[in-house]
>>> print(open('coords_32.txt').read())   # compact mmCIF, C-alpha atoms and all ligand atoms
# COMPACT_ATOMS: atom_id res chain seq x y z
CA MET Q 280 -38.44 131.24 -13.30
CA GLN Q 281 -41.87 132.62 -12.57
CA LYS Q 282 -44.54 131.02 -10.49
CA SER Q 283 -48.27 130.98 -11.00
CA LEU Q 284 -50.42 132.72 -8.46
CA THR Q 285 -51.97 129.99 -6.32
CA LYS Q 286 -54.12 130.46 -3.29
CA THR Q 287 -55.34 127.94 -0.75
CA LEU Q 288 -58.87 128.42 0.52
CA VAL Q 289 -59.99 126.72 3.74
CA PHE Q 290 -63.50 125.36 4.25
CA GLN Q 291 -65.32 123.29 6.85
CA LEU Q 292 -67.03 120.12 5.68
CA GLN Q 293 -69.33 119.48 8.65
CA PRO Q 294 -70.13 115.91 7.57
CA ASP Q 295 -72.84 113.84 9.25
CA GLU Q 296 -71.92 110.82 11.36
CA ASP Q 297 -71.61 108.44 8.43
CA GLY Q 298 -69.51 110.95 6.59
CA GLN Q 299 -67.27 111.39 9.61
CA ARG Q 300 -66.75 107.66 9.88
CA LEU Q 301 -65.86 107.39 6.20
CA LEU Q 302 -63.42 110.26 6.41
CA ASP Q 303 -61.82 108.97 9.62
CA ASP Q 304 -61.24 105.58 8.01
CA ALA Q 305 -59.83 107.14 4.89
CA PHE Q 306 -57.46 109.42 6.86
CA LEU Q 307 -56.05 106.37 8.62
CA GLU Q 308 -55.71 104.50 5.35
CA ALA Q 309 -53.92 107.50 3.85
CA ARG Q 310 -51.56 107.45 6.82
CA ARG Q 311 -50.88 103.75 6.29
CA VAL Q 312 -50.12 104.40 2.60
CA TYR Q 313 -47.84 107.28 3.53
CA ASN Q 314 -45.91 105.31 6.16
CA GLU Q 315 -45.54 102.27 3.96
CA THR Q 316 -44.32 104.31 1.02
CA ILE Q 317 -41.69 106.01 3.16
CA TRP Q 318 -40.65 102.77 4.79
CA ARG Q 319 -40.18 100.97 1.46
CA ALA Q 320 -38.39 103.94 -0.09
CA LYS Q 321 -36.00 104.02 2.87
CA ASN Q 322 -35.30 100.35 2.28
CA GLY Q 323 -34.16 101.19 -1.20
CA GLU Q 324 -37.04 99.61 -3.08
CA ASP Q 325 -37.72 100.71 -6.62
CA TRP Q 326 -40.03 103.75 -6.58
CA ASP Q 327 -42.05 102.63 -9.59
CA GLU Q 328 -42.75 99.35 -7.89
CA ILE Q 329 -43.78 101.07 -4.66
CA ARG Q 330 -46.15 103.24 -6.68
CA GLN Q 331 -47.75 100.32 -8.46
CA ASP Q 332 -48.19 98.21 -5.35
CA LEU Q 333 -49.60 100.86 -3.09
CA GLU Q 334 -51.83 102.47 -5.66
CA SER Q 335 -53.48 99.15 -6.43
CA ASP Q 336 -53.91 97.86 -2.89
CA ALA Q 337 -54.86 101.06 -1.06
CA ASN Q 338 -58.44 101.20 0.07
CA LEU Q 339 -58.84 104.72 -1.32
CA VAL Q 340 -60.13 106.02 -4.62
CA ASN Q 341 -57.44 105.73 -7.24
CA ASN Q 342 -56.68 109.36 -7.71
CA THR Q 343 -56.26 109.91 -3.97
CA ALA Q 344 -54.01 106.87 -3.56
CA GLN Q 345 -51.82 108.18 -6.39
CA LEU Q 346 -51.51 111.63 -4.89
CA VAL Q 347 -50.77 110.35 -1.38
CA VAL Q 348 -48.00 108.09 -2.70
CA GLN Q 349 -46.66 110.95 -4.81
CA LYS Q 350 -46.63 113.29 -1.82
CA SER Q 351 -44.70 110.72 0.24
CA LEU Q 352 -42.13 110.21 -2.50
CA GLU Q 353 -41.77 113.97 -2.87
CA ALA Q 354 -40.94 114.15 0.82
CA MET Q 355 -38.20 111.56 0.24
CA GLU Q 356 -36.94 113.45 -2.80
CA ASN Q 357 -36.67 116.64 -0.78
CA TYR Q 358 -34.80 114.79 1.88
CA TYR Q 359 -32.25 113.51 -0.63
CA GLU Q 360 -31.91 116.84 -2.38
CA TYR Q 361 -31.34 119.04 0.65
CA ASP Q 362 -28.96 117.81 3.27
CA ASP Q 363 -30.53 119.76 6.06
CA TYR Q 364 -33.98 118.36 5.47
CA ASN Q 365 -35.45 116.07 8.10
CA GLN Q 366 -35.76 112.49 7.07
CA PRO Q 367 -39.49 111.76 6.72
CA SER Q 368 -40.85 109.42 9.37
CA HIS Q 369 -42.44 106.11 8.44
CA THR Q 370 -44.20 105.94 11.78
CA LYS Q 371 -46.35 109.03 11.46
CA ASP Q 372 -49.30 108.86 13.82
CA GLY Q 373 -52.64 110.63 13.86
CA THR Q 374 -54.51 111.20 10.63
CA TYR Q 375 -53.15 111.99 7.18
CA PRO Q 376 -54.85 114.29 4.64
CA LEU Q 377 -56.56 112.97 1.54
CA ARG Q 378 -55.28 114.75 -1.49
CA SER Q 379 -57.20 114.66 -4.73
CA ASN Q 380 -57.77 116.40 -8.04
CA TYR Q 381 -60.82 118.47 -8.83
CA GLU Q 382 -63.47 116.44 -10.64
CA GLU Q 383 -61.62 113.23 -9.77
CA GLY Q 384 -61.31 112.61 -6.03
CA TYR Q 385 -63.55 115.53 -5.17
CA ASN Q 386 -66.12 117.68 -6.87
CA LEU Q 387 -67.95 120.94 -6.29
CA PHE Q 388 -71.39 122.12 -7.37
CA LEU Q 389 -72.84 125.60 -7.30
CA LYS Q 390 -76.30 125.60 -5.88
CA ASP Q 391 -78.29 128.78 -5.41
CA ASP Q 392 -76.35 130.55 -2.69
CA CYS Q 393 -74.20 127.68 -1.48
CA ILE Q 394 -71.48 125.36 -2.71
CA ARG Q 395 -72.07 121.62 -2.40
CA TYR Q 396 -69.13 119.23 -2.19
CA ARG Q 397 -68.52 115.57 -2.82
CA VAL Q 398 -65.35 113.99 -1.47
CA SER Q 399 -64.69 110.40 -2.47
CA ALA Q 400 -63.11 109.17 0.71
CA LYS Q 401 -63.47 105.49 -0.14
CA PRO Q 402 -64.34 103.83 -3.44
CA TYR Q 403 -68.09 104.10 -4.20
CA ASN Q 404 -68.73 105.94 -0.98
CA PRO Q 405 -68.62 109.70 -1.40
CA VAL Q 406 -69.11 112.10 1.49
CA LYS Q 407 -71.49 114.91 0.55
CA GLY Q 408 -72.49 118.17 2.09
CA THR Q 409 -72.35 121.96 1.91
CA LEU Q 410 -69.10 123.86 2.31
CA SER Q 411 -68.94 126.46 5.02
CA GLY Q 412 -66.25 129.07 5.41
CA SER Q 413 -65.63 132.81 5.44
CA LEU Q 414 -67.60 134.94 3.04
CA ASP Q 415 -64.37 135.87 1.34
CA SER Q 416 -63.32 132.30 0.69
CA LEU Q 417 -66.75 131.20 -0.50
CA GLU Q 418 -66.91 134.14 -2.87
CA GLN Q 419 -63.47 133.41 -4.29
CA LEU Q 420 -64.23 129.76 -4.78
CA ARG Q 421 -67.50 130.56 -6.53
CA GLN Q 422 -65.59 132.88 -8.84
CA ALA Q 423 -62.90 130.26 -9.48
CA ILE Q 424 -65.47 127.62 -10.43
CA GLN Q 425 -67.19 129.96 -12.85
CA SER Q 426 -64.47 132.04 -14.47
CA ASP Q 427 -61.81 131.15 -17.02
CA GLU Q 428 -59.25 133.27 -15.20
CA TRP Q 429 -59.07 130.78 -12.36
CA ARG Q 430 -58.50 127.08 -12.29
CA VAL Q 431 -59.64 124.89 -9.40
CA GLY Q 432 -56.81 122.51 -8.51
CA THR Q 433 -56.01 119.83 -5.98
CA ALA Q 434 -57.61 119.80 -2.56
CA GLU Q 435 -56.81 118.18 0.74
CA ALA Q 436 -59.46 116.87 3.09
CA MET Q 437 -58.12 116.75 6.63
CA GLN Q 438 -58.92 116.87 10.28
CA ARG Q 439 -57.65 119.89 12.13
CA ASN Q 440 -58.46 120.90 15.70
CA GLY Q 441 -61.33 118.46 15.68
CA ASN Q 442 -62.85 119.93 12.50
CA TYR Q 443 -63.18 118.31 9.12
CA GLU Q 444 -61.71 120.69 6.58
CA LEU Q 445 -61.22 120.91 2.86
CA HIS Q 446 -58.26 123.01 1.66
CA ILE Q 447 -58.73 123.87 -1.99
CA ASN Q 448 -56.02 125.32 -4.23
CA ILE Q 449 -57.08 127.77 -6.87
CA THR Q 450 -54.65 129.12 -9.46
CA HIS Q 451 -54.87 132.23 -11.57
CA THR Q 452 -54.25 131.26 -15.17
CA GLU Q 453 -52.59 134.50 -16.24
CA ILE Q 454 -50.82 136.19 -13.37
CA GLU Q 455 -47.27 135.11 -12.72
CA VAL Q 456 -45.27 135.89 -9.63
CA GLN Q 457 -41.65 136.95 -10.01
CA ASP Q 458 -39.03 134.52 -8.77
CA LYS Q 459 -37.74 135.91 -5.46
CA ALA Q 460 -34.18 134.97 -6.36
CA GLU Q 461 -34.36 137.59 -9.12
CA SER Q 462 -35.50 140.39 -6.86
CA ARG Q 463 -33.43 143.54 -6.67
CA THR Q 464 -35.22 145.26 -3.79
CA VAL Q 465 -35.73 143.43 -0.52
CA VAL Q 466 -38.50 144.90 1.63
CA GLY Q 467 -38.44 143.88 5.30
CA VAL Q 468 -41.80 144.00 7.07
CA ASP Q 469 -42.31 144.25 10.80
CA SER Q 470 -46.02 144.12 11.56
CA ASN Q 471 -47.64 144.90 14.87
CA GLU Q 472 -51.10 145.43 16.22
CA ASP Q 473 -51.05 149.16 15.60
CA CYS Q 474 -48.43 149.80 12.94
CA ILE Q 475 -46.38 148.22 10.23
CA ALA Q 476 -42.79 149.18 9.42
CA LEU Q 477 -41.25 148.69 5.98
CA ALA Q 478 -37.60 148.98 4.96
CA ALA Q 479 -36.44 148.63 1.34
CA LEU Q 480 -32.83 147.58 0.82
CA HIS Q 481 -30.64 147.04 -2.21
CA GLU Q 482 -27.34 145.20 -2.10
CA ASN Q 483 -25.48 148.49 -1.73
CA ASP Q 484 -27.73 150.60 0.52
CA ILE Q 485 -31.04 151.22 2.18
CA VAL Q 486 -33.38 152.80 -0.35
CA ASP Q 487 -36.25 153.97 1.83
CA SER Q 488 -38.29 153.11 4.89
CA VAL Q 489 -41.70 153.98 6.28
CA VAL Q 490 -43.89 153.31 9.31
CA ILE Q 491 -47.62 153.08 8.67
CA ASP Q 492 -49.66 153.67 11.83
CA PHE Q 493 -53.17 152.29 12.19
CA PRO Q 494 -54.14 152.83 15.84
CA GLU Q 495 -57.86 152.67 14.96
CA ILE Q 496 -57.80 148.91 14.59
CA LYS Q 497 -56.35 148.34 18.00
CA LYS Q 498 -58.67 150.92 19.52
CA GLU Q 499 -61.76 149.39 17.95
CA ARG Q 500 -60.83 145.88 18.93
CA HIS Q 501 -60.18 147.06 22.43
CA ARG Q 502 -63.53 148.82 22.54
CA TYR Q 503 -65.38 145.73 21.36
CA PHE Q 504 -63.48 143.56 23.78
CA THR Q 505 -64.49 145.76 26.71
CA MET Q 506 -68.11 145.86 25.58
CA ARG Q 507 -68.20 142.10 25.23
CA LYS Q 508 -66.71 141.70 28.68
CA ARG Q 509 -69.34 143.99 30.11
CA MET Q 510 -72.13 142.00 28.45
CA GLN Q 511 -70.72 138.84 29.90
CA ASN Q 512 -70.48 140.29 33.36
CA ALA Q 513 -74.08 141.45 33.08
CA GLY Q 514 -75.02 137.82 32.75
CA LYS Q 515 -75.50 137.64 29.02
CA SER Q 516 -73.87 134.34 28.37
CA SER Q 517 -73.90 134.37 24.59
CA PHE Q 518 -72.40 137.11 22.50
CA ASP Q 519 -74.56 138.84 20.05
CA ARG Q 520 -73.44 137.44 16.72
CA ALA Q 521 -74.34 140.56 14.79
CA PHE Q 522 -72.23 142.53 17.20
CA GLU Q 523 -69.27 140.27 16.60
CA GLN Q 524 -69.66 140.49 12.86
CA LYS Q 525 -69.64 144.24 13.06
CA GLU Q 526 -66.26 144.19 14.71
CA GLU Q 527 -64.97 141.63 12.23
CA ARG Q 528 -66.12 143.68 9.31
CA PHE Q 529 -64.51 146.83 10.64
CA VAL Q 530 -61.17 145.14 11.22
CA HIS Q 531 -61.37 143.29 7.93
CA ASP Q 532 -62.06 146.50 6.06
CA GLN Q 533 -59.23 148.36 7.77
CA LEU Q 534 -56.76 145.57 7.14
CA HIS Q 535 -57.65 145.57 3.46
CA LYS Q 536 -56.89 149.27 3.33
CA VAL Q 537 -53.60 148.97 5.16
CA SER Q 538 -52.48 146.04 3.03
CA ARG Q 539 -53.36 147.91 -0.14
CA GLN Q 540 -51.25 150.81 1.05
CA VAL Q 541 -48.32 148.53 1.87
CA VAL Q 542 -48.39 146.94 -1.57
CA GLU Q 543 -48.64 150.36 -3.22
CA TRP Q 544 -45.51 151.45 -1.41
CA VAL Q 545 -43.63 148.24 -2.19
CA SER Q 546 -44.52 148.30 -5.87
CA LEU Q 547 -42.65 151.61 -6.29
CA PHE Q 548 -39.35 149.72 -6.15
CA GLU Q 549 -37.54 147.68 -8.74
CA THR Q 550 -38.40 143.94 -8.67
CA PRO Q 551 -39.26 143.79 -4.98
CA VAL Q 552 -39.66 140.81 -2.66
CA ILE Q 553 -41.63 141.22 0.57
CA VAL Q 554 -40.07 139.61 3.62
CA PHE Q 555 -41.94 138.65 6.78
CA GLU Q 556 -40.84 136.99 9.96
CA ASP Q 557 -41.71 133.32 10.07
CA LEU Q 558 -44.86 133.12 12.17
CA LYS Q 559 -44.27 129.60 13.36
CA GLU Q 560 -41.00 130.59 14.92
CA MET Q 561 -42.45 133.83 16.21
CA ARG Q 562 -45.19 132.25 18.22
CA ASP Q 563 -42.70 131.28 20.86
CA SER Q 564 -40.99 134.60 21.09
CA ILE Q 565 -43.95 136.97 21.38
CA ASP Q 566 -44.67 138.04 24.89
CA TYR Q 567 -48.34 137.26 25.32
CA GLY Q 568 -49.03 138.67 28.73
CA THR Q 569 -52.73 138.35 29.31
CA ARG Q 570 -55.61 136.79 27.57
CA MET Q 571 -56.66 140.15 26.25
CA ASN Q 572 -53.22 140.76 24.91
CA ARG Q 573 -53.47 137.51 23.05
CA ARG Q 574 -56.85 138.36 21.62
CA LEU Q 575 -55.76 141.79 20.55
CA HIS Q 576 -52.68 140.42 19.02
CA SER Q 577 -53.39 137.31 17.10
CA LEU Q 578 -56.19 137.82 14.66
CA PRO Q 579 -55.28 140.90 12.62
CA PHE Q 580 -51.67 139.91 12.56
CA ARG Q 581 -52.13 136.82 10.47
CA LYS Q 582 -54.84 138.37 8.34
CA LEU Q 583 -52.84 141.46 7.51
CA ARG Q 584 -49.99 139.30 6.34
CA ASP Q 585 -52.27 137.15 4.21
CA PHE Q 586 -53.83 140.21 2.61
CA ILE Q 587 -50.45 141.73 1.79
CA THR Q 588 -49.11 138.48 0.34
CA TYR Q 589 -52.20 138.01 -1.76
CA LYS Q 590 -52.42 141.56 -3.07
CA ALA Q 591 -48.71 141.60 -3.81
CA ALA Q 592 -48.93 138.32 -5.72
CA PHE Q 593 -51.59 139.90 -7.90
CA GLN Q 594 -48.96 142.40 -8.94
CA GLY Q 595 -46.43 139.65 -9.51
CA ILE Q 596 -44.54 140.47 -6.29
CA PRO Q 597 -43.32 137.44 -4.31
CA SER Q 598 -43.26 137.10 -0.51
CA GLU Q 599 -40.81 135.29 1.69
CA GLU Q 600 -40.17 134.47 5.35
CA ILE Q 601 -37.06 134.52 7.47
CA ASN Q 602 -36.25 133.34 10.97
CA PRO Q 603 -37.21 136.20 13.32
CA GLU Q 604 -34.51 135.55 15.88
CA TYR Q 605 -32.96 138.78 17.22
CA THR Q 606 -34.48 140.97 14.49
CA SER Q 607 -36.01 143.23 17.12
CA GLN Q 608 -33.00 143.33 19.42
CA ALA Q 609 -30.09 143.94 17.05
CA CYS Q 610 -28.83 147.41 16.18
CA SER Q 611 -29.18 147.61 12.40
CA LEU Q 612 -26.09 149.76 11.81
CA THR Q 613 -23.48 147.51 10.25
CA LYS Q 614 -20.62 148.82 12.32
CA CYS Q 615 -22.46 148.09 15.56
CA GLU Q 616 -25.04 145.30 15.26
CA HIS Q 617 -25.02 145.05 19.03
CA THR Q 618 -27.73 142.64 20.08
CA THR Q 619 -29.50 142.73 23.42
CA ARG Q 620 -33.02 142.82 24.75
CA ALA Q 621 -32.12 146.04 26.56
CA ASN Q 622 -31.90 147.87 23.21
CA ARG Q 623 -35.65 147.84 22.90
CA ASN Q 624 -38.31 149.40 25.03
CA LYS Q 625 -41.71 149.09 23.36
CA LYS Q 626 -41.65 151.34 20.29
CA ARG Q 627 -38.34 152.85 21.20
CA PHE Q 628 -35.04 151.47 20.13
CA LYS Q 629 -31.92 152.78 21.77
CA CYS Q 630 -28.71 150.91 21.22
CA VAL Q 631 -26.90 150.51 24.54
CA GLU Q 632 -23.61 150.16 22.65
CA CYS Q 633 -23.56 153.00 20.10
CA GLY Q 634 -26.41 155.10 21.49
CA ARG Q 635 -28.30 155.28 18.21
CA GLN Q 636 -32.04 155.82 18.50
CA ASP Q 637 -34.67 154.56 16.14
CA HIS Q 638 -38.29 153.54 15.87
CA ALA Q 639 -38.09 149.96 17.15
CA ASP Q 640 -40.18 148.47 14.37
CA ARG Q 641 -38.31 150.30 11.63
CA ASN Q 642 -35.05 149.02 13.06
CA ALA Q 643 -36.50 145.50 13.03
CA ALA Q 644 -37.73 145.87 9.43
CA ILE Q 645 -34.18 146.73 8.35
CA ASN Q 646 -32.82 143.66 10.11
CA ILE Q 647 -35.43 141.50 8.45
CA ALA Q 648 -34.43 142.80 5.01
CA LYS Q 649 -30.75 142.22 5.83
CA LYS Q 650 -31.50 138.63 6.78
CA GLU Q 651 -33.24 138.05 3.48
CA LEU Q 652 -30.28 139.42 1.51
CA GLU Q 653 -28.12 136.96 3.41
CA LYS Q 654 -30.55 134.16 2.72
CA LEU Q 655 -30.53 135.00 -1.01
CA ASP Q 656 -26.74 134.91 -0.86
CA ARG Q 657 -26.48 138.59 -1.78
CA ASN Q 658 -24.30 141.35 -0.55
CA VAL Q 659 -25.64 142.91 2.65
CA PRO Q 660 -25.07 146.67 2.48
CA ALA Q 661 -22.79 148.32 5.02
CA LEU Q 662 -25.26 150.68 6.65
CA LYS Q 663 -23.57 153.73 8.09
CA THR Q 664 -26.52 156.08 8.26
CA LEU Q 665 -30.24 155.52 8.11
CA PRO Q 666 -32.92 157.73 6.59
CA THR Q 667 -35.23 159.69 8.89
CA VAL Q 668 -38.20 157.67 10.09
CA ARG Q 669 -41.15 158.67 7.98
CA LYS Q 670 -44.63 158.02 9.27
CA LEU Q 671 -47.84 157.57 7.42
CA ARG Q 672 -51.08 157.30 9.24
CA ARG Q 673 -54.21 155.54 8.18
CA GLN Q 674 -57.29 157.55 8.83
CA ALA Q 675 -60.90 157.07 7.98
CA SER Q 676 -60.57 159.38 5.02
CA GLY Q 677 -57.50 157.68 3.68
CA CYS Q 678 -53.84 158.07 4.16
CA VAL Q 679 -52.38 161.30 5.41
CA ASP Q 680 -48.75 162.09 5.10
CA GLN Q 681 -47.63 163.16 8.56
CA PRO Q 682 -44.63 165.21 9.44
CA THR Q 683 -41.79 163.23 10.89
CA VAL Q 684 -42.35 162.52 14.54
CA THR Q 685 -39.56 163.77 16.71
CA HIS Q 686 -40.69 163.73 20.31
CA ASP Q 687 -43.77 161.82 21.18
CA THR Q 688 -42.96 161.15 24.78
CA ALA Q 689 -46.52 160.26 25.72
CA ARG Q 690 -46.25 157.12 23.66
CA GLY Q 691 -42.68 156.44 24.50
CA HIS Q 692 -41.10 157.67 21.29
CA HIS Q 693 -37.87 159.50 21.54
CA ALA Q 694 -36.18 161.24 18.71
CA ASP Q 695 -37.70 158.98 16.13
CA GLY Q 696 -36.40 161.23 13.49
CA VAL Q 697 -32.71 160.92 14.16
CA ALA Q 698 -31.38 161.19 10.66
CA GLY Q 699 -28.90 158.45 10.98
CA VAL Q 700 -25.93 158.71 13.24
CA SER Q 701 -22.63 159.16 11.52
CA ASP Q 702 -19.65 157.41 12.95
ZN ZN S 801 -25.67 150.22 17.86
>>> encode(input="coords_32.txt", output="structure tokens", more="lines below")
Ligand SMILES: [Zn+2]
Amino acid sequence: MQKSLTKTLVFQLQPDEDGQRLLDDAFLEARRVYNETIWRAKNGEDWDEIRQDLESDANLVNNTAQLVVQKSLEAMENYYEYDDYNQPSHTKDGTYPLRSNYEEGYNLFLKDDCIRYRVSAKPYNPVKGTLSGSLDSLEQLRQAIQSDEWRVGTAEAMQRNGNYELHINITHTEIEVQDKAESRTVVGVDSNEDCIALAALHENDIVDSVVIDFPEIKKERHRYFTMRKRMQNAGKSSFDRAFEQKEERFVHDQLHKVSRQVVEWVSLFETPVIVFEDLKEMRDSIDYGTRMNRRLHSLPFRKLRDFITYKAAFQGIPSEEINPEYTSQACSLTKCEHTTRANRNKKRFKCVECGRQDHADRNAAINIAKKELEKLDRNVPALKTLPTVRKLRRQASGCVDQPTVTHDTARGHHADGVAGVSD
């Protein structure tokens, strides 16, 4: 089974006061509809009846009421289908998103150099304004509205972190993404602020692995951070916006290049699936020491992943996430698999049990791929030896194949190139 390529674009609505009031009311009404649907479904009422009742008495435009009820019933369906699913709550608090179809519950209009929106929060009372968002997202949406290759789909208006947002789904009409269950090659990805490690596994062995270094991004971000700090200390309270954009553009550009390189590498293998660590679960486990650490860490991380997923999907390659627990601490050799924090020291992995040394991120990438094989209910290969760590480095002029690093003590690497330890 193949899946269409769908992307969700995020925009800010920035409604005026009236618009805010309308949206706030509608979010609460959507929540009421959601809670009531769940409550009645839990009580064993007939789903068709629930649909009819709620769709006709909700104080929302018809299309939105339908989609909110449908979303609630889908949550119930999921709960019944998978045992380990949480039972949906019928006492949800806060606001609930308004879901609607393009040209029904919401509409978009191209106007000169901006995109106007109309969201029908309540019957006969649309909220209107101009969408704002990243240049990338605005450009993609403009393209989707105009071209036959893309279809504009459902959208959700919601409140997030105090902002009014519109999340719009766009779908490519021709590209189809391979079903991950049919993948032969599982590529584990361990991404960091200055490098990304990839390990490709089949059911019977490891096929290849690589570490792509991109120290420039970290260096540049650090440089900008220091400059900004200095400006602040000098009493300049507001950052120069142009200055900030310059940094953004540099990082953005670099991340595009790295992600392109990653997808090129992955696409060399037979029916690959790209596997990341689940970010939600990771947030707790990352050691964010200082504020700077956090700043340096967070932004490119997410973006790089999004770029890879998106570029891969364009080639029909699916992406997937696994629980990151212990992936960086476990020795990836099957016979050992000893797991302890002491195995890892920054970029260096040295198993305290079997003594094997590895590039820490490459070791983690292998574990991530192994977890995905398990998750897909496949055979996990018995790894006895591992290929030499190969490094590629991103440079301004492109990608340069570097000789294998053996002793880079200054940066804490030790014998990266151990060509697998036989047992
Ligand atoms: Zn070991």
>>> residues_near_ligand(input="coords_32.txt", ligand="ligand ZN 801 (chain S)", cutoff="10 Å", atoms="only C-alpha atoms and all ligand atoms", output="list in words")
Ala609, Cys610, Ser611, Leu612, Thr613, Lys614, Cys615, Glu616, His617, Thr618, Asn622, Phe628, Lys629, Cys630, Val631, Glu632, Cys633, Gly634, Arg635, Gln636 and Val700 of chain Q
>>> atom_distance(input="coords_32.txt", atom1="atom CA of Asn602 of chain Q", atom2="atom CA of Ile553 of chain Q")
14.1 Å
>>> residues_around(input="coords_32.txt", residues="Ser470 of chain Q", least_positions_apart="6", cutoff="9 Å", atoms="all atoms listed in the file", output="list in words")
Ala476, Leu477, Phe555, Glu556, Phe580, Leu583, Arg584, Asp640 and Ala644 of chain Q
>>> write_last_selection(input="coords_32.txt", atoms="C-alpha atoms", output="PDB file, in the frame of the given file")
ATOM      1  CA  ALA Q 476     -42.790 149.180   9.420  1.00  0.00           C
ATOM      2  CA  LEU Q 477     -41.250 148.690   5.980  1.00  0.00           C
ATOM      3  CA  PHE Q 555     -41.940 138.650   6.780  1.00  0.00           C
ATOM      4  CA  GLU Q 556     -40.840 136.990   9.960  1.00  0.00           C
ATOM      5  CA  PHE Q 580     -51.670 139.910  12.560  1.00  0.00           C
ATOM      6  CA  LEU Q 583     -52.840 141.460   7.510  1.00  0.00           C
ATOM      7  CA  ARG Q 584     -49.990 139.300   6.340  1.00  0.00           C
ATOM      8  CA  ASP Q 640     -40.180 148.470  14.370  1.00  0.00           C
ATOM      9  CA  ALA Q 644     -37.730 145.870   9.430  1.00  0.00           C
TER      10      ALA Q 644
END
>>> closest_residue(input="coords_32.txt", among="Q:Asp484, Q:Gln299, Q:Lys321, Q:Ser462", to="Val398 of chain Q", atoms="all atoms listed in the file")
Q:Gln299
>>> closest_residue(input="coords_32.txt", among="Q:Leu352, Q:Val465, Q:Leu288, Q:Ala639", to="His481 of chain Q", atoms="all atoms listed in the file")
Q:Val465
>>> atom_distance(input="coords_32.txt", atom1="atom CA of Ala643 of chain Q", atom2="atom CA of Ile475 of chain Q")
10.6 Å
>>> atom_distance(input="coords_32.txt", atom1="atom CA of Asp656 of chain Q", atom2="atom CA of Asp458 of chain Q")
14.6 Å
